[in-house]
>>> print(open('protein.tsv').read())   # TSV, C-alpha atoms
chain	number	residue	atom	x	y	z
A	7	MET	CA	35.13	6.95	4.09
A	8	GLU	CA	35.92	10.65	3.65
A	9	GLY	CA	32.94	12.62	2.35
A	10	TYR	CA	30.29	10.23	3.69
A	11	PRO	CA	28.42	10.40	6.98
A	12	SER	CA	29.30	8.22	9.92
A	13	MET	CA	26.51	6.48	11.83
A	14	SER	CA	26.10	9.19	14.50
A	15	LEU	CA	22.80	10.34	12.97
A	16	PRO	CA	21.26	11.50	16.28
A	17	SER	CA	23.05	14.84	15.87
A	18	PHE	CA	20.84	15.73	12.87
A	19	PRO	CA	18.23	18.46	13.32
A	20	PRO	CA	14.80	16.72	13.25
A	21	ALA	CA	13.66	18.55	10.10
A	22	VAL	CA	16.73	17.47	8.13
A	23	LEU	CA	16.42	13.87	9.26
A	24	ARG	CA	12.70	13.67	8.50
A	25	GLY	CA	13.28	15.03	5.01
A	26	PHE	CA	15.97	12.43	4.34
A	27	GLU	CA	13.83	9.58	5.63
A	28	PHE	CA	10.88	10.63	3.46
A	29	ARG	CA	12.94	10.66	0.29
A	30	PHE	CA	14.76	7.48	1.24
A	31	SER	CA	11.61	5.50	1.86
A	32	GLY	CA	9.24	7.06	-0.59
A	33	GLU	CA	8.52	8.45	-3.97
A	34	LYS	CA	11.79	9.48	-5.47
A	35	LEU	CA	15.46	8.59	-5.25
A	36	LEU	CA	17.90	11.42	-4.68
A	37	SER	CA	20.06	12.21	-7.70
A	38	ALA	CA	23.84	11.89	-7.33
A	39	SER	CA	24.22	15.68	-7.02
A	40	ARG	CA	21.46	15.91	-4.40
A	41	ARG	CA	23.03	13.06	-2.42
A	42	TRP	CA	26.34	14.90	-2.44
A	43	GLN	CA	24.64	18.13	-1.29
A	44	PHE	CA	22.96	16.19	1.50
A	45	PHE	CA	26.24	14.64	2.68
A	46	ALA	CA	28.04	18.00	2.49
A	47	ALA	CA	25.29	19.64	4.54
A	48	TRP	CA	25.53	16.81	7.03
A	49	LYS	CA	29.30	17.23	7.41
A	50	THR	CA	28.94	20.99	7.98
A	51	HIS	CA	26.24	20.46	10.58
A	52	HIS	CA	28.19	17.66	12.27
A	53	ARG	CA	31.30	19.83	12.66
A	54	LYS	CA	29.22	22.60	14.25
A	55	MET	CA	27.59	20.16	16.63
A	56	LYS	CA	30.94	18.75	17.73
A	57	ASN	CA	32.15	22.22	18.68
A	58	GLN	CA	28.97	23.15	20.58
A	59	ALA	CA	26.27	21.31	22.28
A	60	PRO	CA	25.93	18.78	24.99
A	61	ALA	CA	25.19	15.09	24.43
A	62	PRO	CA	23.43	14.02	21.20
A	63	GLN	CA	19.71	13.17	21.24
A	64	THR	CA	19.94	9.40	21.26
A	65	VAL	CA	16.26	8.72	20.54
A	66	LEU	CA	15.75	11.12	17.67
A	67	TYR	CA	15.31	8.53	14.94
A	68	GLN	CA	14.80	5.27	16.85
A	69	PRO	CA	12.16	5.43	19.58
A	70	PRO	CA	12.26	2.61	22.13
A	71	ILE	CA	10.34	-0.53	21.26
A	72	LEU	CA	9.53	-1.58	24.84
A	73	LYS	CA	8.16	0.04	27.96
A	74	GLY	CA	8.64	-1.22	31.49
A	75	PHE	CA	10.75	-4.17	32.61
A	76	LEU	CA	12.66	-6.77	30.60
A	77	ARG	CA	11.85	-10.44	30.96
A	78	ASN	CA	15.56	-11.27	31.13
A	79	SER	CA	17.79	-8.23	31.69
A	80	SER	CA	20.97	-10.31	32.01
A	81	GLU	CA	20.65	-11.95	28.58
A	82	PHE	CA	18.78	-9.72	26.16
A	83	ASN	CA	16.89	-11.48	23.35
A	84	TYR	CA	15.13	-9.01	21.06
A	85	GLY	CA	12.55	-11.42	19.67
A	86	VAL	CA	11.59	-12.78	23.10
A	87	GLU	CA	11.40	-9.32	24.69
A	88	ALA	CA	9.22	-7.96	21.86
A	89	TRP	CA	6.94	-11.01	22.14
A	90	GLU	CA	6.63	-10.61	25.92
A	91	ALA	CA	6.00	-6.87	25.58
A	92	TYR	CA	3.25	-7.52	23.02
A	93	LYS	CA	1.55	-10.03	25.33
A	94	ARG	CA	1.51	-7.66	28.29
A	95	GLY	CA	0.59	-4.61	26.17
A	96	SER	CA	3.83	-2.74	26.80
A	97	LEU	CA	5.13	-2.14	23.28
A	98	SER	CA	5.83	1.53	22.66
A	99	LYS	CA	2.92	3.72	21.58
A	100	ASP	CA	4.12	4.18	17.99
A	101	LEU	CA	4.27	0.41	17.46
A	102	ILE	CA	0.78	-0.11	18.84
A	103	GLU	CA	-0.49	2.58	16.44
A	104	GLU	CA	1.23	0.90	13.47
A	105	GLN	CA	-0.15	-2.50	14.43
A	106	LYS	CA	-3.63	-1.02	14.62
A	107	LYS	CA	-3.23	0.29	11.05
A	108	VAL	CA	-2.22	-3.20	9.89
A	109	GLN	CA	-5.17	-4.79	11.70
A	110	GLU	CA	-7.62	-2.39	10.07
A	111	ALA	CA	-6.19	-2.78	6.55
A	112	ASP	CA	-7.36	-5.31	3.98
A	113	LEU	CA	-4.50	-4.51	1.62
A	114	LEU	CA	-0.95	-3.39	2.47
A	115	ILE	CA	0.93	-1.59	-0.32
A	116	PHE	CA	4.66	-1.08	0.21
A	117	GLN	CA	6.16	1.60	-2.05
A	118	PHE	CA	9.94	1.83	-2.02
A	119	PRO	CA	13.15	1.99	-4.08
A	120	LEU	CA	15.03	-1.31	-4.36
A	121	TYR	CA	18.18	-0.77	-2.31
A	122	TRP	CA	21.08	-3.24	-2.36
A	123	PHE	CA	18.75	-5.94	-3.75
A	124	SER	CA	16.32	-5.43	-0.87
A	125	MET	CA	14.08	-2.90	0.85
A	126	PRO	CA	15.63	0.21	2.49
A	127	ALA	CA	16.71	-0.20	6.11
A	128	ILE	CA	13.99	2.13	7.42
A	129	MET	CA	11.32	-0.10	5.87
A	130	LYS	CA	13.00	-3.29	7.14
A	131	GLY	CA	13.07	-1.68	10.60
A	132	TRP	CA	9.31	-1.18	10.38
A	133	MET	CA	8.89	-4.89	9.58
A	134	ASP	CA	11.16	-5.91	12.47
A	135	ARG	CA	9.43	-3.73	15.02
A	136	VAL	CA	5.77	-4.01	13.95
A	137	LEU	CA	5.39	-7.62	12.77
A	138	VAL	CA	6.32	-9.18	16.10
A	139	GLN	CA	5.56	-12.67	17.36
A	140	GLY	CA	2.09	-12.85	18.81
A	141	PHE	CA	0.81	-10.13	16.49
A	142	ALA	CA	1.82	-11.35	13.02
A	143	HIS	CA	2.97	-14.92	13.61
A	144	GLU	CA	3.09	-17.52	16.37
A	145	PHE	CA	4.63	-20.87	15.47
A	146	PRO	CA	3.12	-23.15	14.23
A	147	ASN	CA	0.76	-20.42	13.00
A	148	CYS	CA	2.83	-19.20	10.07
A	149	TYR	CA	2.64	-19.17	6.27
A	150	ASP	CA	-0.90	-20.22	5.26
A	151	SER	CA	-1.99	-20.17	8.90
A	152	GLY	CA	-0.13	-16.98	9.85
A	153	LEU	CA	-1.95	-14.52	12.08
A	154	LEU	CA	-2.45	-11.99	9.23
A	155	LYS	CA	-3.93	-14.56	6.85
A	156	ASN	CA	-6.96	-12.49	5.81
A	157	LYS	CA	-4.88	-9.71	4.30
A	158	LEU	CA	-3.29	-8.92	0.94
A	159	ALA	CA	0.04	-7.21	0.26
A	160	LEU	CA	1.61	-5.69	-2.82
A	161	PHE	CA	5.23	-4.56	-3.25
A	162	SER	CA	5.52	-1.61	-5.63
A	163	PHE	CA	9.09	-0.49	-6.19
A	164	THR	CA	11.59	1.17	-8.49
A	165	THR	CA	15.00	-0.12	-9.52
A	166	GLY	CA	18.25	1.48	-10.55
A	167	GLY	CA	18.91	-1.18	-13.18
A	168	SER	CA	17.03	-1.91	-16.38
A	169	GLU	CA	14.53	-4.71	-16.92
A	170	GLU	CA	17.14	-6.59	-18.97
A	171	MET	CA	19.57	-6.55	-16.02
A	172	TYR	CA	16.93	-8.20	-13.82
A	173	ALA	CA	15.93	-10.86	-16.34
A	174	LYS	CA	16.78	-14.53	-15.73
A	175	GLY	CA	19.95	-14.34	-17.80
A	176	GLY	CA	20.76	-10.76	-16.77
A	177	ILE	CA	23.74	-9.67	-14.71
A	178	SER	CA	21.58	-9.05	-11.62
A	179	GLY	CA	19.60	-12.28	-11.93
A	180	ASP	CA	15.84	-12.76	-12.06
A	181	ILE	CA	14.04	-10.06	-10.04
A	182	ARG	CA	11.89	-12.81	-8.50
A	183	TYR	CA	14.92	-14.17	-6.65
A	184	LEU	CA	15.13	-10.90	-4.72
A	185	LEU	CA	11.44	-11.02	-3.85
A	186	TRP	CA	11.70	-14.41	-2.10
A	187	PRO	CA	12.91	-13.07	1.31
A	188	MET	CA	10.58	-10.05	1.20
A	189	GLN	CA	7.34	-11.51	-0.16
A	190	HIS	CA	7.71	-15.09	1.03
A	191	GLY	CA	9.98	-14.79	4.06
A	192	ILE	CA	8.09	-11.88	5.63
A	193	MET	CA	4.62	-11.40	4.14
A	194	HIS	CA	3.69	-15.01	3.45
A	195	PHE	CA	5.31	-16.14	6.71
A	196	CYS	CA	2.80	-13.89	8.50
A	197	GLY	CA	-0.07	-15.40	6.50
A	198	VAL	CA	-0.48	-12.46	4.11
A	199	LYS	CA	-1.43	-13.35	0.52
A	200	VAL	CA	0.73	-11.51	-2.02
A	201	LEU	CA	-0.32	-9.87	-5.27
A	202	ALA	CA	2.12	-9.72	-8.20
A	203	PRO	CA	4.67	-6.94	-7.61
A	204	HIS	CA	4.51	-3.67	-9.50
A	205	ILE	CA	7.99	-2.81	-10.73
A	206	CYS	CA	9.16	0.36	-12.46
A	207	PHE	CA	12.57	-0.37	-13.93
A	208	ALA	CA	15.21	2.39	-13.96
A	209	PRO	CA	12.89	5.44	-13.92
A	210	GLU	CA	15.91	7.69	-13.44
A	211	TYR	CA	17.35	6.67	-16.80
A	212	VAL	CA	14.31	6.62	-19.08
A	213	SER	CA	12.58	9.45	-20.92
A	214	GLU	CA	9.99	11.74	-19.36
A	215	GLU	CA	7.42	10.15	-21.62
A	216	LYS	CA	8.31	6.68	-20.35
A	217	ARG	CA	8.03	7.85	-16.73
A	218	LYS	CA	4.54	9.20	-17.44
A	219	GLU	CA	3.59	5.83	-18.93
A	220	MET	CA	4.79	4.14	-15.73
A	221	LEU	CA	2.58	6.40	-13.60
A	222	ILE	CA	-0.44	5.87	-15.85
A	223	ALA	CA	0.03	2.08	-15.75
A	224	TRP	CA	0.20	2.16	-11.94
A	225	ALA	CA	-2.90	4.34	-11.69
A	226	GLN	CA	-4.79	2.00	-14.01
A	227	ARG	CA	-3.75	-1.06	-12.04
A	228	LEU	CA	-4.91	0.47	-8.77
A	229	LYS	CA	-8.43	0.77	-10.20
A	230	THR	CA	-8.75	-2.99	-10.70
A	231	LEU	CA	-6.52	-4.25	-7.91
A	232	TRP	CA	-9.35	-5.92	-6.02
A	233	LYS	CA	-10.09	-8.16	-8.98
A	234	GLU	CA	-6.58	-9.66	-8.99
A	235	GLU	CA	-5.73	-13.10	-7.65
A	236	PRO	CA	-2.71	-13.55	-5.35
A	237	ILE	CA	0.39	-15.26	-6.70
A	238	ASN	CA	1.09	-18.90	-5.93
A	239	CYS	CA	3.12	-18.50	-2.73
A	240	SER	CA	5.50	-21.39	-3.34
A	241	PRO	CA	9.17	-21.73	-4.36
A	242	ASP	CA	8.04	-22.50	-7.93
A	243	TRP	CA	6.83	-18.92	-8.48
A	244	TYR	CA	10.24	-17.55	-7.53
A	245	PHE	CA	12.73	-20.10	-8.81
A	246	LYS	CA	11.14	-22.18	-11.57
>>> encode(input="protein.tsv", output="structure tokens")
Amino acid sequence: MEGYPSMSLPSFPPAVLRGFEFRFSGEKLLSASRRWQFFAAWKTHHRKMKNQAPAPQTVLYQPPILKGFLRNSSEFNYGVEAWEAYKRGSLSKDLIEEQKKVQEADLLIFQFPLYWFSMPAIMKGWMDRVLVQGFAHEFPNCYDSGLLKNKLALFSFTTGGSEEMYAKGGISGDIRYLLWPMQHGIMHFCGVKVLAPHICFAPEYVSEEKRKEMLIAWAQRLKTLWKEEPINCSPDWYFK
């Protein structure tokens, strides 16, 4: 579509790309005007790059997941190759570092903006690449017997829509429906026990005072987080 970037992101300067990823995955959603400025800057840069430069840097934003040989180079299977690479210790260095962080953590807090009823792609990519078979799960060791069963997780996120929109009778449906694939299908599948989510509804559209209240409530909850009990990880919690 005219005015929006194509998928050839490798031609971004690293600083620009890093800044976009931070905002996309972190504290604050870009306003409509800032998004437009970002896309306009991208188009200008992309035109310059097309008229100059050699080949784009193909690994700028997606480092390789594997090192060394493939188990089956004629019929690539991502899940199998990641599993085999984990077993022989040949996952890429950045993945090994991320897995070490997970191993050392008692509690995993994921902070993100809800994006198309799910987590942003960059966060989903982290899940896909880090929580591989052998490290986080190994059938039949899944759900209550998953390999990360001694850990807790909490999803803290913001929405674009109001709390009423995400109520059971709201136009977007119960917010718990959206949490099923993320909390149950990923975290619980890997054995992680899940605390109740922390949701800030529509911070972009409420008053400054209300936003301050949201921050205070989050800060207060963090002080007593270790006293909380995990949710009942069953379909009833999500769909009853």
>>> atom_distance(input="protein.tsv", atom1="atom CA of His190 of chain A", atom2="atom CA of Tyr244 of chain A")
9.3 Å
>>> atom_distance(input="protein.tsv", atom1="atom CA of Met220 of chain A", atom2="atom CA of Thr165 of chain A")
12.7 Å
>>> residues_around(input="protein.tsv", residues="Phe75 of chain A", least_positions_apart="3", cutoff="12 Å", atoms="only C-alpha atoms", output="list in words")
Ile71, Leu72, Asn78, Ser79, Ser80, Phe82, Glu87, Ala88, Glu90, Ala91, Arg94, Ser96 and Leu97 of chain A
>>> closest_residue(input="protein.tsv", among="A:Trp224, A:Phe207, A:Tyr92, A:Tyr183", to="Leu137 of chain A", atoms="all atoms listed in the file")
A:Tyr92
>>> closest_residue(input="protein.tsv", among="A:Asp134, A:Glu110, A:Asp100, A:Asp150", to="Ser240 of chain A", atoms="only C-alpha atoms")
A:Asp150
>>> closest_residue(input="protein.tsv", among="A:Leu154, A:Ala142, A:Met171, A:Leu201", to="Leu228 of chain A", atoms="all atoms listed in the file")
A:Leu201
>>> closest_residue(input="protein.tsv", among="A:Leu160, A:Ile128, A:Cys196, A:Leu153", to="Phe116 of chain A", atoms="all atoms listed in the file")
A:Leu160
>>> atom_distance(input="protein.tsv", atom1="atom CA of Leu120 of chain A", atom2="atom CA of Phe163 of chain A")
6.3 Å
>>> closest_residue(input="protein.tsv", among="A:Ala223, A:Leu76, A:Ala127, A:Ala111", to="Lys157 of chain A", atoms="all atoms listed in the file")
A:Ala111
>>> closest_residue(input="protein.tsv", among="A:Phe118, A:Gly140, A:Asp242, A:Cys206", to="Gly95 of chain A", atoms="only C-alpha atoms")
A:Gly140
>>> residues_around(input="protein.tsv", residues="Asn156 of chain A", least_positions_apart="4", cutoff="9 Å", atoms="only C-alpha atoms", output="ChimeraX atom specification")
/A:112,197-199
>>> residues_around(input="protein.tsv", residues="His194 of chain A", least_positions_apart="6", cutoff="9 Å", atoms="all atoms listed in the file", output="ChimeraX atom specification")
/A:148-150,152,154-155,188,200,239
>>> write_last_selection(input="protein.tsv", atoms="C-alpha atoms", output="PDB file, keeping the file's coordinate frame")
ATOM      1  CA  CYS A 148       2.830 -19.200  10.070  1.00  0.00           C
ATOM      2  CA  TYR A 149       2.640 -19.170   6.270  1.00  0.00           C
ATOM      3  CA  ASP A 150      -0.900 -20.220   5.260  1.00  0.00           C
ATOM      4  CA  GLY A 152      -0.130 -16.980   9.850  1.00  0.00           C
ATOM      5  CA  LEU A 154      -2.450 -11.990   9.230  1.00  0.00           C
ATOM      6  CA  LYS A 155      -3.930 -14.560   6.850  1.00  0.00           C
ATOM      7  CA  MET A 188      10.580 -10.050   1.200  1.00  0.00           C
ATOM      8  CA  VAL A 200       0.730 -11.510  -2.020  1.00  0.00           C
ATOM      9  CA  CYS A 239       3.120 -18.500  -2.730  1.00  0.00           C
TER      10      CYS A 239
END
>>> build_atoms(input="protein.tsv", residues="segment 88-115 of chain A", atoms="N, CA and C atoms", output="PDB file, keeping the file's coordinate frame")
ATOM      1  N   ALA A  88      10.309  -8.577  22.621  1.00  0.00           N
ATOM      2  CA  ALA A  88       9.220  -7.960  21.860  1.00  0.00           C
ATOM      3  C   ALA A  88       7.942  -8.789  22.006  1.00  0.00           C
ATOM      4  N   TRP A  89       8.084 -10.101  21.978  1.00  0.00           N
ATOM      5  CA  TRP A  89       6.940 -11.010  22.140  1.00  0.00           C
ATOM      6  C   TRP A  89       6.301 -10.819  23.519  1.00  0.00           C
ATOM      7  N   GLU A  90       7.134 -10.796  24.558  1.00  0.00           N
ATOM      8  CA  GLU A  90       6.630 -10.610  25.920  1.00  0.00           C
ATOM      9  C   GLU A  90       5.959  -9.242  26.074  1.00  0.00           C
ATOM     10  N   ALA A  91       6.575  -8.214  25.485  1.00  0.00           N
ATOM     11  CA  ALA A  91       6.000  -6.870  25.580  1.00  0.00           C
ATOM     12  C   ALA A  91       4.651  -6.802  24.867  1.00  0.00           C
ATOM     13  N   TYR A  92       4.534  -7.495  23.724  1.00  0.00           N
ATOM     14  CA  TYR A  92       3.250  -7.520  23.020  1.00  0.00           C
ATOM     15  C   TYR A  92       2.180  -8.181  23.886  1.00  0.00           C
ATOM     16  N   LYS A  93       2.526  -9.292  24.518  1.00  0.00           N
ATOM     17  CA  LYS A  93       1.550 -10.030  25.330  1.00  0.00           C
ATOM     18  C   LYS A  93       1.050  -9.208  26.518  1.00  0.00           C
ATOM     19  N   ARG A  94       1.948  -8.429  27.119  1.00  0.00           N
ATOM     20  CA  ARG A  94       1.510  -7.660  28.290  1.00  0.00           C
ATOM     21  C   ARG A  94       1.103  -6.222  27.935  1.00  0.00           C
ATOM     22  N   GLY A  95       1.050  -5.919  26.614  1.00  0.00           N
ATOM     23  CA  GLY A  95       0.590  -4.610  26.170  1.00  0.00           C
ATOM     24  C   GLY A  95       1.554  -3.482  26.468  1.00  0.00           C
ATOM     25  N   SER A  96       2.867  -3.789  26.464  1.00  0.00           N
ATOM     26  CA  SER A  96       3.830  -2.740  26.800  1.00  0.00           C
ATOM     27  C   SER A  96       4.804  -2.435  25.659  1.00  0.00           C
ATOM     28  N   LEU A  97       4.368  -2.672  24.416  1.00  0.00           N
ATOM     29  CA  LEU A  97       5.130  -2.140  23.280  1.00  0.00           C
ATOM     30  C   LEU A  97       4.986  -0.624  23.292  1.00  0.00           C
ATOM     31  N   SER A  98       5.916   0.073  22.677  1.00  0.00           N
ATOM     32  CA  SER A  98       5.830   1.530  22.660  1.00  0.00           C
ATOM     33  C   SER A  98       4.615   1.997  21.860  1.00  0.00           C
ATOM     34  N   LYS A  99       4.175   3.198  22.146  1.00  0.00           N
ATOM     35  CA  LYS A  99       2.920   3.720  21.580  1.00  0.00           C
ATOM     36  C   LYS A  99       2.934   3.728  20.052  1.00  0.00           C
ATOM     37  N   ASP A 100       4.082   4.098  19.465  1.00  0.00           N
ATOM     38  CA  ASP A 100       4.120   4.180  17.990  1.00  0.00           C
ATOM     39  C   ASP A 100       3.940   2.806  17.357  1.00  0.00           C
ATOM     40  N   LEU A 101       4.448   1.755  17.997  1.00  0.00           N
ATOM     41  CA  LEU A 101       4.270   0.410  17.460  1.00  0.00           C
ATOM     42  C   LEU A 101       2.823  -0.045  17.562  1.00  0.00           C
ATOM     43  N   ILE A 102       2.199   0.253  18.670  1.00  0.00           N
ATOM     44  CA  ILE A 102       0.780  -0.110  18.840  1.00  0.00           C
ATOM     45  C   ILE A 102      -0.072   0.568  17.777  1.00  0.00           C
ATOM     46  N   GLU A 103       0.246   1.839  17.474  1.00  0.00           N
ATOM     47  CA  GLU A 103      -0.490   2.580  16.440  1.00  0.00           C
ATOM     48  C   GLU A 103      -0.284   1.943  15.066  1.00  0.00           C
ATOM     49  N   GLU A 104       0.954   1.536  14.766  1.00  0.00           N
ATOM     50  CA  GLU A 104       1.230   0.900  13.470  1.00  0.00           C
ATOM     51  C   GLU A 104       0.534  -0.450  13.366  1.00  0.00           C
ATOM     52  N   GLN A 105       0.531  -1.207  14.440  1.00  0.00           N
ATOM     53  CA  GLN A 105      -0.150  -2.500  14.430  1.00  0.00           C
ATOM     54  C   GLN A 105      -1.653  -2.342  14.233  1.00  0.00           C
ATOM     55  N   LYS A 106      -2.196  -1.285  14.810  1.00  0.00           N
ATOM     56  CA  LYS A 106      -3.630  -1.020  14.620  1.00  0.00           C
ATOM     57  C   LYS A 106      -3.925  -0.734  13.143  1.00  0.00           C
ATOM     58  N   LYS A 107      -3.048   0.007  12.475  1.00  0.00           N
ATOM     59  CA  LYS A 107      -3.230   0.290  11.050  1.00  0.00           C
ATOM     60  C   LYS A 107      -3.224  -1.017  10.244  1.00  0.00           C
ATOM     61  N   VAL A 108      -2.297  -1.913  10.591  1.00  0.00           N
ATOM     62  CA  VAL A 108      -2.220  -3.200   9.890  1.00  0.00           C
ATOM     63  C   VAL A 108      -3.496  -4.001  10.128  1.00  0.00           C
ATOM     64  N   GLN A 109      -3.955  -4.039  11.365  1.00  0.00           N
ATOM     65  CA  GLN A 109      -5.170  -4.790  11.700  1.00  0.00           C
ATOM     66  C   GLN A 109      -6.382  -4.289  10.917  1.00  0.00           C
ATOM     67  N   GLU A 110      -6.459  -2.982  10.719  1.00  0.00           N
ATOM     68  CA  GLU A 110      -7.620  -2.390  10.070  1.00  0.00           C
ATOM     69  C   GLU A 110      -7.552  -2.463   8.542  1.00  0.00           C
ATOM     70  N   ALA A 111      -6.384  -2.776   8.009  1.00  0.00           N
ATOM     71  CA  ALA A 111      -6.190  -2.780   6.550  1.00  0.00           C
ATOM     72  C   ALA A 111      -6.544  -4.134   5.940  1.00  0.00           C
ATOM     73  N   ASP A 112      -7.149  -4.093   4.759  1.00  0.00           N
ATOM     74  CA  ASP A 112      -7.360  -5.310   3.980  1.00  0.00           C
ATOM     75  C   ASP A 112      -6.204  -5.547   3.017  1.00  0.00           C
ATOM     76  N   LEU A 113      -5.590  -4.456   2.589  1.00  0.00           N
ATOM     77  CA  LEU A 113      -4.500  -4.510   1.620  1.00  0.00           C
ATOM     78  C   LEU A 113      -3.363  -3.612   2.091  1.00  0.00           C
ATOM     79  N   LEU A 114      -2.147  -4.155   2.109  1.00  0.00           N
ATOM     80  CA  LEU A 114      -0.950  -3.390   2.470  1.00  0.00           C
ATOM     81  C   LEU A 114      -0.122  -3.170   1.211  1.00  0.00           C
ATOM     82  N   ILE A 115       0.094  -1.910   0.836  1.00  0.00           N
ATOM     83  CA  ILE A 115       0.930  -1.590  -0.320  1.00  0.00           C
ATOM     84  C   ILE A 115       2.235  -0.980   0.185  1.00  0.00           C
TER      85      ILE A 115
END
